[in-house]
$ cat input_21.txt   # compact mmCIF, C-alpha atoms
# COMPACT_ATOMS: atom_id res chain seq x y z
CA MET A 1 -9.00 -16.37 -14.77
CA PHE A 2 -8.10 -13.25 -12.82
CA ASP A 3 -6.27 -10.11 -13.88
CA SER A 4 -4.80 -8.95 -10.58
CA ILE A 5 -5.23 -8.98 -6.83
CA ALA A 6 -4.58 -6.71 -3.89
CA THR A 7 -4.52 -7.48 -0.19
CA GLN A 8 -7.40 -7.01 2.19
CA ASN A 9 -7.46 -7.31 5.99
CA ALA A 10 -7.23 -11.10 6.36
CA GLU A 11 -3.93 -12.53 7.60
CA ILE A 12 -3.88 -15.30 4.99
CA ARG A 13 -6.13 -15.30 1.95
CA THR A 14 -6.34 -17.99 -0.67
CA VAL A 15 -6.36 -16.14 -3.97
CA ALA A 16 -7.05 -19.00 -6.33
CA ASN A 17 -7.48 -22.72 -5.95
CA SER A 18 -6.39 -23.40 -9.51
CA LEU A 19 -4.51 -21.12 -11.86
CA PRO A 20 -3.57 -21.83 -15.48
CA PRO A 21 -1.37 -24.90 -15.91
CA LEU A 22 2.06 -23.34 -16.20
CA LEU A 23 4.62 -25.20 -14.11
CA LYS A 24 5.25 -28.71 -12.91
CA TYR A 25 6.51 -28.74 -9.35
CA PHE A 26 5.69 -30.59 -6.20
CA ALA A 27 6.69 -27.98 -3.66
CA LYS A 28 5.13 -25.11 -1.86
CA SER A 29 7.16 -21.95 -2.36
CA LEU A 30 7.08 -18.61 -0.61
CA PHE A 31 8.00 -15.35 -2.30
CA LEU A 32 9.00 -12.32 -0.41
CA ASN A 33 10.61 -8.95 -0.78
CA GLN A 34 12.32 -7.13 2.09
CA LEU A 35 11.61 -9.20 5.20
CA SER A 36 11.89 -8.18 8.81
CA LEU A 37 12.85 -11.62 10.05
CA THR A 38 11.60 -12.64 13.45
CA ASP A 39 10.94 -16.06 14.92
CA LYS A 40 7.19 -15.48 14.68
CA ASN A 41 7.51 -14.83 10.94
CA LEU A 42 9.36 -18.11 10.35
CA LYS A 43 6.10 -20.00 10.93
CA TYR A 44 5.01 -18.98 7.42
CA PHE A 45 7.99 -20.84 5.95
CA GLU A 46 7.39 -24.15 7.76
CA GLU A 47 5.17 -25.60 4.99
CA CYS A 48 7.52 -24.45 2.24
CA ASP A 49 10.09 -26.52 0.41
CA GLU A 50 11.90 -23.44 -0.92
CA ILE A 51 12.05 -19.72 -0.21
CA TRP A 52 12.46 -17.25 -3.09
CA HIS A 53 13.35 -13.61 -2.36
CA ALA A 54 12.62 -10.81 -4.86
CA GLY A 55 15.35 -8.47 -3.58
CA ASP A 56 16.03 -5.85 -0.92
CA ILE A 57 17.26 -8.63 1.34
CA GLY A 58 18.78 -6.07 3.68
CA SER A 59 21.58 -8.05 5.29
CA VAL A 60 23.67 -11.17 4.91
CA GLU A 61 22.30 -12.31 8.28
CA VAL A 62 18.72 -12.38 6.93
CA ALA A 63 19.83 -14.32 3.84
CA GLU A 64 21.83 -16.80 5.94
CA ARG A 65 18.96 -17.34 8.35
CA LEU A 66 16.50 -18.01 5.53
CA ALA A 67 19.01 -20.28 3.75
CA ALA A 68 19.54 -22.23 6.97
CA PHE A 69 15.79 -22.75 7.29
CA ARG A 70 14.99 -23.81 3.69
CA PRO A 71 16.70 -23.88 0.29
CA PHE A 72 16.92 -20.22 -0.71
CA ARG A 73 16.95 -18.46 -4.10
CA ALA A 74 17.26 -14.70 -4.36
CA VAL A 75 18.19 -11.65 -6.38
CA TYR A 76 19.68 -8.50 -4.96
CA GLY A 77 17.64 -5.32 -4.76
CA ASN A 78 18.53 -1.66 -4.99
CA ILE A 79 19.01 -1.30 -1.21
CA ASP A 80 21.39 -4.26 -0.97
CA GLY A 81 25.08 -3.53 -0.50
CA GLN A 82 28.11 -5.17 -2.08
CA GLU A 83 28.13 -8.06 0.39
CA ILE A 84 24.67 -9.21 -0.77
CA ARG A 85 25.45 -8.43 -4.43
CA LYS A 86 28.44 -10.78 -4.29
CA LEU A 87 26.20 -13.60 -3.04
CA TYR A 88 23.11 -13.16 -5.23
CA PRO A 89 22.67 -12.16 -8.88
CA GLN A 90 20.71 -9.24 -10.28
CA ILE A 91 18.75 -11.68 -12.47
CA ASN A 92 18.03 -15.27 -11.50
CA ARG A 93 16.67 -17.54 -14.23
CA PHE A 94 16.22 -21.13 -13.19
CA THR A 95 14.15 -24.16 -14.05
CA VAL A 96 11.94 -25.93 -11.56
CA ASP A 97 10.72 -29.33 -12.73
CA GLY A 98 10.97 -28.31 -16.38
CA ALA A 99 9.42 -24.85 -15.95
CA GLU A 100 11.40 -21.65 -16.28
CA VAL A 101 11.26 -18.96 -13.59
CA LEU A 102 12.79 -15.50 -13.89
CA MET A 103 13.40 -13.15 -10.96
CA LYS A 104 14.62 -9.55 -11.06
CA HIS A 105 14.10 -6.95 -8.35
CA ILE A 106 13.31 -4.05 -10.69
CA GLY A 107 11.17 -5.69 -13.34
CA GLY A 108 7.86 -3.90 -13.69
CA TYR A 109 4.67 -5.78 -14.47
CA PRO A 110 2.57 -6.88 -17.48
CA GLY A 111 2.02 -3.94 -19.77
CA ASN A 112 4.78 -1.95 -18.06
CA TYR A 113 7.93 -4.08 -17.86
CA ASP A 114 11.17 -2.32 -16.97
CA PRO A 115 13.38 -1.75 -20.05
CA SER A 116 16.24 -3.62 -18.34
CA ILE A 117 14.30 -6.93 -18.48
CA ARG A 118 11.86 -6.39 -21.36
CA GLY A 119 14.15 -7.99 -23.96
CA SER A 120 14.67 -11.16 -21.91
CA LEU A 121 10.95 -11.49 -21.29
CA PHE A 122 9.94 -10.97 -24.91
CA VAL A 123 12.67 -13.13 -26.49
CA LYS A 124 12.31 -16.06 -24.10
CA PRO A 125 9.35 -15.65 -21.76
CA PRO A 126 9.48 -17.73 -18.57
CA LYS A 127 6.34 -19.32 -17.19
CA LEU A 128 6.71 -17.25 -14.00
CA PHE A 129 8.21 -13.77 -13.63
CA ILE A 130 8.85 -12.44 -10.13
CA SER A 131 9.81 -8.86 -9.34
CA GLY A 132 9.88 -6.64 -6.27
CA HIS A 133 10.94 -3.00 -5.91
CA SER A 134 7.55 -1.25 -5.97
CA HIS A 135 6.46 -2.74 -2.60
CA ILE A 136 3.03 -3.13 -4.23
CA LEU A 137 1.50 -6.61 -4.09
CA LYS A 138 0.48 -7.70 -7.57
CA VAL A 139 -0.40 -11.07 -9.09
CA LYS A 140 -1.24 -10.74 -12.76
CA TYR A 141 -1.37 -13.11 -15.71
CA ASP A 142 0.23 -11.72 -18.88
CA LYS A 143 -1.92 -13.05 -21.71
CA THR A 144 0.45 -11.69 -24.36
CA LEU A 145 3.53 -13.54 -23.05
CA GLY A 146 1.69 -16.45 -21.44
CA LEU A 147 3.33 -15.95 -18.06
CA LEU A 148 2.26 -15.32 -14.51
CA HIS A 149 3.76 -12.24 -12.84
CA ILE A 150 4.06 -11.99 -9.06
CA ASN A 151 5.27 -9.05 -7.01
CA PRO A 152 4.98 -10.17 -3.38
CA GLY A 153 4.75 -6.62 -2.04
CA ALA A 154 7.05 -5.96 0.91
CA ALA A 155 7.49 -7.80 4.16
CA GLY A 156 9.90 -5.37 5.81
CA LYS A 157 9.14 -2.48 8.12
CA SER A 158 11.08 0.11 6.10
CA GLY A 159 9.46 1.86 3.16
CA PHE A 160 6.23 3.58 2.23
CA HIS A 161 4.04 0.46 2.25
CA THR A 162 1.40 0.19 4.95
CA VAL A 163 0.71 -3.55 4.69
CA ARG A 164 3.49 -6.15 4.91
CA THR A 165 2.90 -9.16 2.66
CA LEU A 166 4.28 -12.52 1.53
CA VAL A 167 2.97 -14.76 -1.25
CA ARG A 168 2.86 -18.53 -0.87
CA PHE A 169 1.62 -21.11 -3.37
CA VAL A 170 1.89 -24.68 -4.58
CA ILE A 171 2.98 -25.85 -8.02
CA ASP A 172 1.59 -29.32 -8.59
CA GLN A 173 1.76 -31.25 -11.85
CA GLY A 174 1.82 -28.15 -13.99
CA GLU A 175 -0.75 -26.12 -12.09
CA PHE A 176 -0.53 -23.27 -9.62
CA LYS A 177 -2.71 -24.02 -6.62
CA ASP A 178 -3.57 -22.49 -3.29
CA LEU A 179 -1.93 -19.13 -3.91
CA GLU A 180 -2.07 -17.26 -0.63
CA VAL A 181 -1.40 -13.67 0.33
CA ILE A 182 -0.05 -13.51 3.86
CA GLU A 183 -0.33 -10.21 5.69
CA LEU A 184 2.17 -9.89 8.51
CA ALA A 185 1.15 -8.35 11.80
CA GLU A 186 2.74 -5.12 12.97

$ encode --input "input_21.txt" --output "structure tokens"
Amino acid sequence: MFDSIATQNAEIRTVANSLPPLLKYFAKSLFLNQLSLTDKNLKYFEECDEIWHAGDIGSVEVAERLAAFRPFRAVYGNIDGQEIRKLYPQINRFTVDGAEVLMKHIGGYPGNYDPSIRGSLFVKPPKLFISGHSHILKVKYDKTLGLLHINPGAAGKSGFHTVRTLVRFVIDQGEFKDLEVIELAE
């Protein structure tokens, strides 16, 4: 078991071949937060069955382009205007093959959850909690709540982050597998 990860210099790194059995799902998913969408970046989505966005989408055009490429789930972030906020919720709780997933842009992380989501997490913990906002890549298992937390970092060019990242993984028969951190080139 691991506590957390951070990126290094490799373009794609496999973080873990097998994580705790938490979800049953047959698809490869890609999480992101604030993407500068270019044709060369779409190659990372080709293997994915779904794309999940942790907020700061930036524009309706980015959301539409991702949704045209693969089924798309998202929450709005603090930089998103009213047009995005009308299309995507602040909190997205959904079930994938019997497993509950919760996404919120400003959510914190294990041991320091944002007060706006703490009640939902403690009353009915999902198996996977995804947040964005900090632009800091973090994958951490919360032993207290029995959930995996993922913050995919930031894939956009705006902000204070120096490394642009995506997170991609497989959920297969109740297990997380092949979790990858993808560092985008400049």

$ atom_distance --input "input_21.txt" --atom1 "CA of Gly55 (chain A)" --atom2 "CA of Phe169 (chain A)"
18.7 Å

$ closest_residue --input "input_21.txt" --among "A:Ile150, A:Ile51, A:Val167, A:Ala99" --to "Lys138 (chain A)" --atoms "all atoms listed in the file"
A:Ile150

$ closest_residue --input "input_21.txt" --among "A:Val60, A:Val96, A:Ala67, A:Met103" --to "Ile84 (chain A)" --atoms "only C-alpha atoms"
A:Val60

$ residues_around --input "input_21.txt" --residues "Phe94 (chain A)" --least-positions-apart "4" --cutoff "12 Å" --atoms "only C-alpha atoms" --output "ChimeraX atom specification"
/A:52,73-75,89,98-104,126-130

$ closest_residue --input "input_21.txt" --among "A:Val170, A:Ala155, A:Leu87, A:Leu147" --to "Glu64 (chain A)" --atoms "all atoms listed in the file"
A:Leu87

$ closest_residue --input "input_21.txt" --among "A:Pro71, A:Ile106, A:Arg65, A:Ala185" --to "Glu50 (chain A)" --atoms "only C-alpha atoms"
A:Pro71

$ residues_around --input "input_21.txt" --residues "Pro110 (chain A)" --least-positions-apart "3" --cutoff "8 Å" --atoms "all atoms listed in the file" --output "PyMOL selection string"
chain A and resi 113+140-142+149

$ atom_distance --input "input_21.txt" --atom1 "CA of Gln90 (chain A)" --atom2 "CA of Ser120 (chain A)"
13.2 Å

$ residues_near_point --input "input_21.txt" --point "(12.6, -3.5, -14.2)" --cutoff "9 Å" --atoms "all atoms listed in the file" --output "compact mmCIF listing (two decimals) with C-alpha atoms, keeping the file's coordinate frame"
# COMPACT_ATOMS: atom_id res chain seq x y z
CA LYS A 104 14.62 -9.55 -11.06
CA HIS A 105 14.10 -6.95 -8.35
CA ILE A 106 13.31 -4.05 -10.69
CA GLY A 107 11.17 -5.69 -13.34
CA GLY A 108 7.86 -3.90 -13.69
CA TYR A 109 4.67 -5.78 -14.47
CA ASN A 112 4.78 -1.95 -18.06
CA TYR A 113 7.93 -4.08 -17.86
CA ASP A 114 11.17 -2.32 -16.97
CA PRO A 115 13.38 -1.75 -20.05
CA SER A 116 16.24 -3.62 -18.34
CA ILE A 117 14.30 -6.93 -18.48
CA ARG A 118 11.86 -6.39 -21.36
CA SER A 131 9.81 -8.86 -9.34
CA GLY A 132 9.88 -6.64 -6.27
CA HIS A 133 10.94 -3.00 -5.91

$ closest_residue --input "input_21.txt" --among "A:Ala154, A:Val62, A:Leu42, A:Ala68" --to "His135 (chain A)" --atoms "all atoms listed in the file"
A:Ala154

$ closest_residue --input "input_21.txt" --among "A:Asp56, A:Asp178, A:Asp97, A:Glu46" --to "Gly81 (chain A)" --atoms "all atoms listed in the file"
A:Asp56

$ atom_distance --input "input_21.txt" --atom1 "CA of Arg168 (chain A)" --atom2 "CA of Phe45 (chain A)"
8.8 Å

$ axis_aligned_box --input "input_21.txt" --around "region 163-168 of chain A" --padding-each-side "5 Å" --output "JSON"
{"center_x": 2.5, "center_y": -11.0, "center_z": 1.8, "size_x": 13.6, "size_y": 25.0, "size_z": 16.2}
